[in-house]
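Written below as structure tokens is the structure these notes are about.
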Amino acid sequence: MASPRAKATETDEIASPGVALVDTILAAIDNLKSEFSTTFDGLFTAIENVKRDVSDCVERVAQAEMRISTTEDSVITLQTKVQSLEGKNKDLEEKILDLEARSRHSNLRLLNLPEGAEGEDACTFLESWIVEALELAPLRAKVTMERAHRIGRKTDTNSSSRMLIIKFLNYRDKEVVVRAAKLKGQILYKNHYLRLYQDMAAGVHKKQKEDSDMA
């Protein structure tokens, strides 16, 4: 019969493999926990980084939208100012055209009068010649001109005579001359056919043509 001590030794020897297995399992669990902890820490860090990046992107988008909104407001303001300036510019152009038209209201243009025919005093020559050429003597004693001058520089290569601008002192004198020229039809000066017509600014002529095309 075995002694109690011998029995205890046999029990310990039988229990030892079971204890070792438990220790191994516990050690494995601890390793898994450590690995999971490390993995989760990495995931949490990555998630925080992503959240921070998303937050930065959201803030940048908000700032960009604010800048775009500010730019759009500025563009609208500028467009309004441009429209206002265009309107004012158009008004000024019309006023300038009106002033220019008024300044030429008493003017006529004379074409094809030979160079030098008017001599040194164009006004004196024209006041006499127009009355004679248009047969105004029976109707009027005198036609008075404020000034008369040729347009452009005189050169030796000019193949044709320069245009003459005539400004009448009295607008009514100009109207009388215009009517007489229409009745006369052909105006002659030493076998040269001359033409008389209203002196008109280019802008006024363009506007009249546009109005005529629209009519």
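Here, A, B, ... name the chains of the structure tokens in the order displayed, residue numbers run from 1 inside each chain, and ligands are numbered from 1 in the same displayed order.
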Need the shell around A:Arg179: protein/DNA/RNA residues with any atom at most 12 Å away, counting only C-alpha atoms. Skip same-chain ones fewer than 2 positions apart. Format as a PyMOL selection string? chain A and resi 134-136+172-177+181-185+196-198
Restricted to N, CA and C atoms, what would the selected residues look like written as a PDB file, in the first residue's frame?
ATOM      1  N   LEU A 134     -26.082 131.097-107.747  1.00  0.00           N
ATOM      2  CA  LEU A 134     -27.417 130.591-107.427  1.00  0.00           C
ATOM      3  C   LEU A 134     -28.525 131.586-107.763  1.00  0.00           C
ATOM      4  N   GLU A 135     -28.123 132.693-108.375  1.00  0.00           N
ATOM      5  CA  GLU A 135     -29.082 133.710-108.805  1.00  0.00           C
ATOM      6  C   GLU A 135     -29.937 134.203-107.635  1.00  0.00           C
ATOM      7  N   LEU A 136     -29.242 134.582-106.568  1.00  0.00           N
ATOM      8  CA  LEU A 136     -29.932 135.064-105.367  1.00  0.00           C
ATOM      9  C   LEU A 136     -30.095 136.575-105.354  1.00  0.00           C
ATOM     10  N   ARG A 172     -30.372 131.283 -91.356  1.00  0.00           N
ATOM     11  CA  ARG A 172     -31.369 131.486 -92.418  1.00  0.00           C
ATOM     12  C   ARG A 172     -30.693 131.667 -93.773  1.00  0.00           C
ATOM     13  N   ASP A 173     -29.541 132.325 -93.785  1.00  0.00           N
ATOM     14  CA  ASP A 173     -28.795 132.456 -95.041  1.00  0.00           C
ATOM     15  C   ASP A 173     -28.433 131.087 -95.597  1.00  0.00           C
ATOM     16  N   LYS A 174     -28.002 130.187 -94.712  1.00  0.00           N
ATOM     17  CA  LYS A 174     -27.647 128.835 -95.152  1.00  0.00           C
ATOM     18  C   LYS A 174     -28.855 128.129 -95.751  1.00  0.00           C
ATOM     19  N   GLU A 175     -30.014 128.254 -95.125  1.00  0.00           N
ATOM     20  CA  GLU A 175     -31.224 127.603 -95.619  1.00  0.00           C
ATOM     21  C   GLU A 175     -31.621 128.159 -96.988  1.00  0.00           C
ATOM     22  N   VAL A 176     -31.458 129.455 -97.159  1.00  0.00           N
ATOM     23  CA  VAL A 176     -31.756 130.075 -98.452  1.00  0.00           C
ATOM     24  C   VAL A 176     -30.836 129.495 -99.524  1.00  0.00           C
ATOM     25  N   VAL A 177     -29.564 129.360 -99.206  1.00  0.00           N
ATOM     26  CA  VAL A 177     -28.587 128.821-100.161  1.00  0.00           C
ATOM     27  C   VAL A 177     -28.917 127.364-100.486  1.00  0.00           C
ATOM     28  N   ALA A 181     -29.832 126.030-104.153  1.00  0.00           N
ATOM     29  CA  ALA A 181     -28.983 125.027-104.804  1.00  0.00           C
ATOM     30  C   ALA A 181     -29.836 123.874-105.323  1.00  0.00           C
ATOM     31  N   LYS A 182     -30.867 123.488-104.564  1.00  0.00           N
ATOM     32  CA  LYS A 182     -31.758 122.416-105.017  1.00  0.00           C
ATOM     33  C   LYS A 182     -32.535 122.840-106.259  1.00  0.00           C
ATOM     34  N   LEU A 183     -32.991 124.084-106.267  1.00  0.00           N
ATOM     35  CA  LEU A 183     -33.733 124.581-107.425  1.00  0.00           C
ATOM     36  C   LEU A 183     -32.833 124.712-108.650  1.00  0.00           C
ATOM     37  N   LYS A 184     -31.588 125.109-108.397  1.00  0.00           N
ATOM     38  CA  LYS A 184     -30.642 125.319-109.491  1.00  0.00           C
ATOM     39  C   LYS A 184     -30.252 124.005-110.133  1.00  0.00           C
ATOM     40  N   GLY A 185     -30.090 122.978-109.307  1.00  0.00           N
ATOM     41  CA  GLY A 185     -29.681 121.677-109.844  1.00  0.00           C
ATOM     42  C   GLY A 185     -28.186 121.606-110.035  1.00  0.00           C
ATOM     43  N   LEU A 196     -22.960 121.272-103.233  1.00  0.00           N
ATOM     44  CA  LEU A 196     -23.175 121.849-101.904  1.00  0.00           C
ATOM     45  C   LEU A 196     -24.039 120.894-101.083  1.00  0.00           C
ATOM     46  N   TYR A 197     -23.602 120.573 -99.881  1.00  0.00           N
ATOM     47  CA  TYR A 197     -24.456 119.772 -99.006  1.00  0.00           C
ATOM     48  C   TYR A 197     -24.132 120.048 -97.540  1.00  0.00           C
ATOM     49  N   GLN A 198     -25.016 119.609 -96.681  1.00  0.00           N
ATOM     50  CA  GLN A 198     -24.914 119.894 -95.250  1.00  0.00           C
ATOM     51  C   GLN A 198     -23.627 119.320 -94.648  1.00  0.00           C
TER      52      GLN A 198
END
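Neighbours of A:Leu99 closer than or equal to 12 Å, with only C-alpha atoms counted and sequence neighbours fewer than 4 positions away skipped, come out as Leu92, Glu93, Glu94, Lys95, Ser103, Arg104, His105, Met200, Ala201, Gly203 and Val204 of chain A.
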Have a look at atom CA of A:Asp121 and atom CA of A:Ser106 and let me know their distance in Å, one decimal. 19.3 Å
Can you write out as a Markdown table which residues of stretch 7-111 of chain A fall within 10 Å of stretch 142-149 of chain A, alongside each residue's closest atom pair and its distance in Å to one decimal, counting only C-alpha atoms and ordering rows by chain and ascending residue number?
| residue | atom | partner | partner_atom | distance |
| --- | --- | --- | --- | --- |
| A:Ser106 | CA | A:Met145 | CA | 9.6 |
| A:Asn107 | CA | A:Ala148 | CA | 9.3 |
| A:Leu108 | CA | A:Ala148 | CA | 9.6 |
| A:Arg109 | CA | A:Ala148 | CA | 9.6 |
| A:Leu110 | CA | A:Ala148 | CA | 10.0 |
Which value, in Å to one decimal, gives the distance between atom CA of A:Leu126 and atom CA of A:Ile166? 8.7 Å
How would you write, as a ChimeraX atom specification, the set of residues in stretch 1-139 of chain A that DSSP gives as alpha helix (DSSP H)? /A:4-103,122-133
May I ask for the distance between atom CA of A:Ala28 and atom CA of A:Thr45, given in Å to one decimal place?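 These atoms are spaced 25.5 Å apart.
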Measuring atom to atom with only C-alpha atoms, identify which of A:Val61, A:Ile187, A:Val22, A:Ile130 is nearest to A:Glu118. A:Ile130
Chain A: residues DSSP assigns to strand (DSSP E or B), reported as an MDAnalysis selection string: chainID A and resid 107:111 145:150 164:168 187:189 192:198
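Restricting the calculation to only C-alpha atoms, the smallest distance between A:Asn191 and any of A:Leu169, A:Leu113, A:Val131, A:Ala64 is found for A:Leu113.
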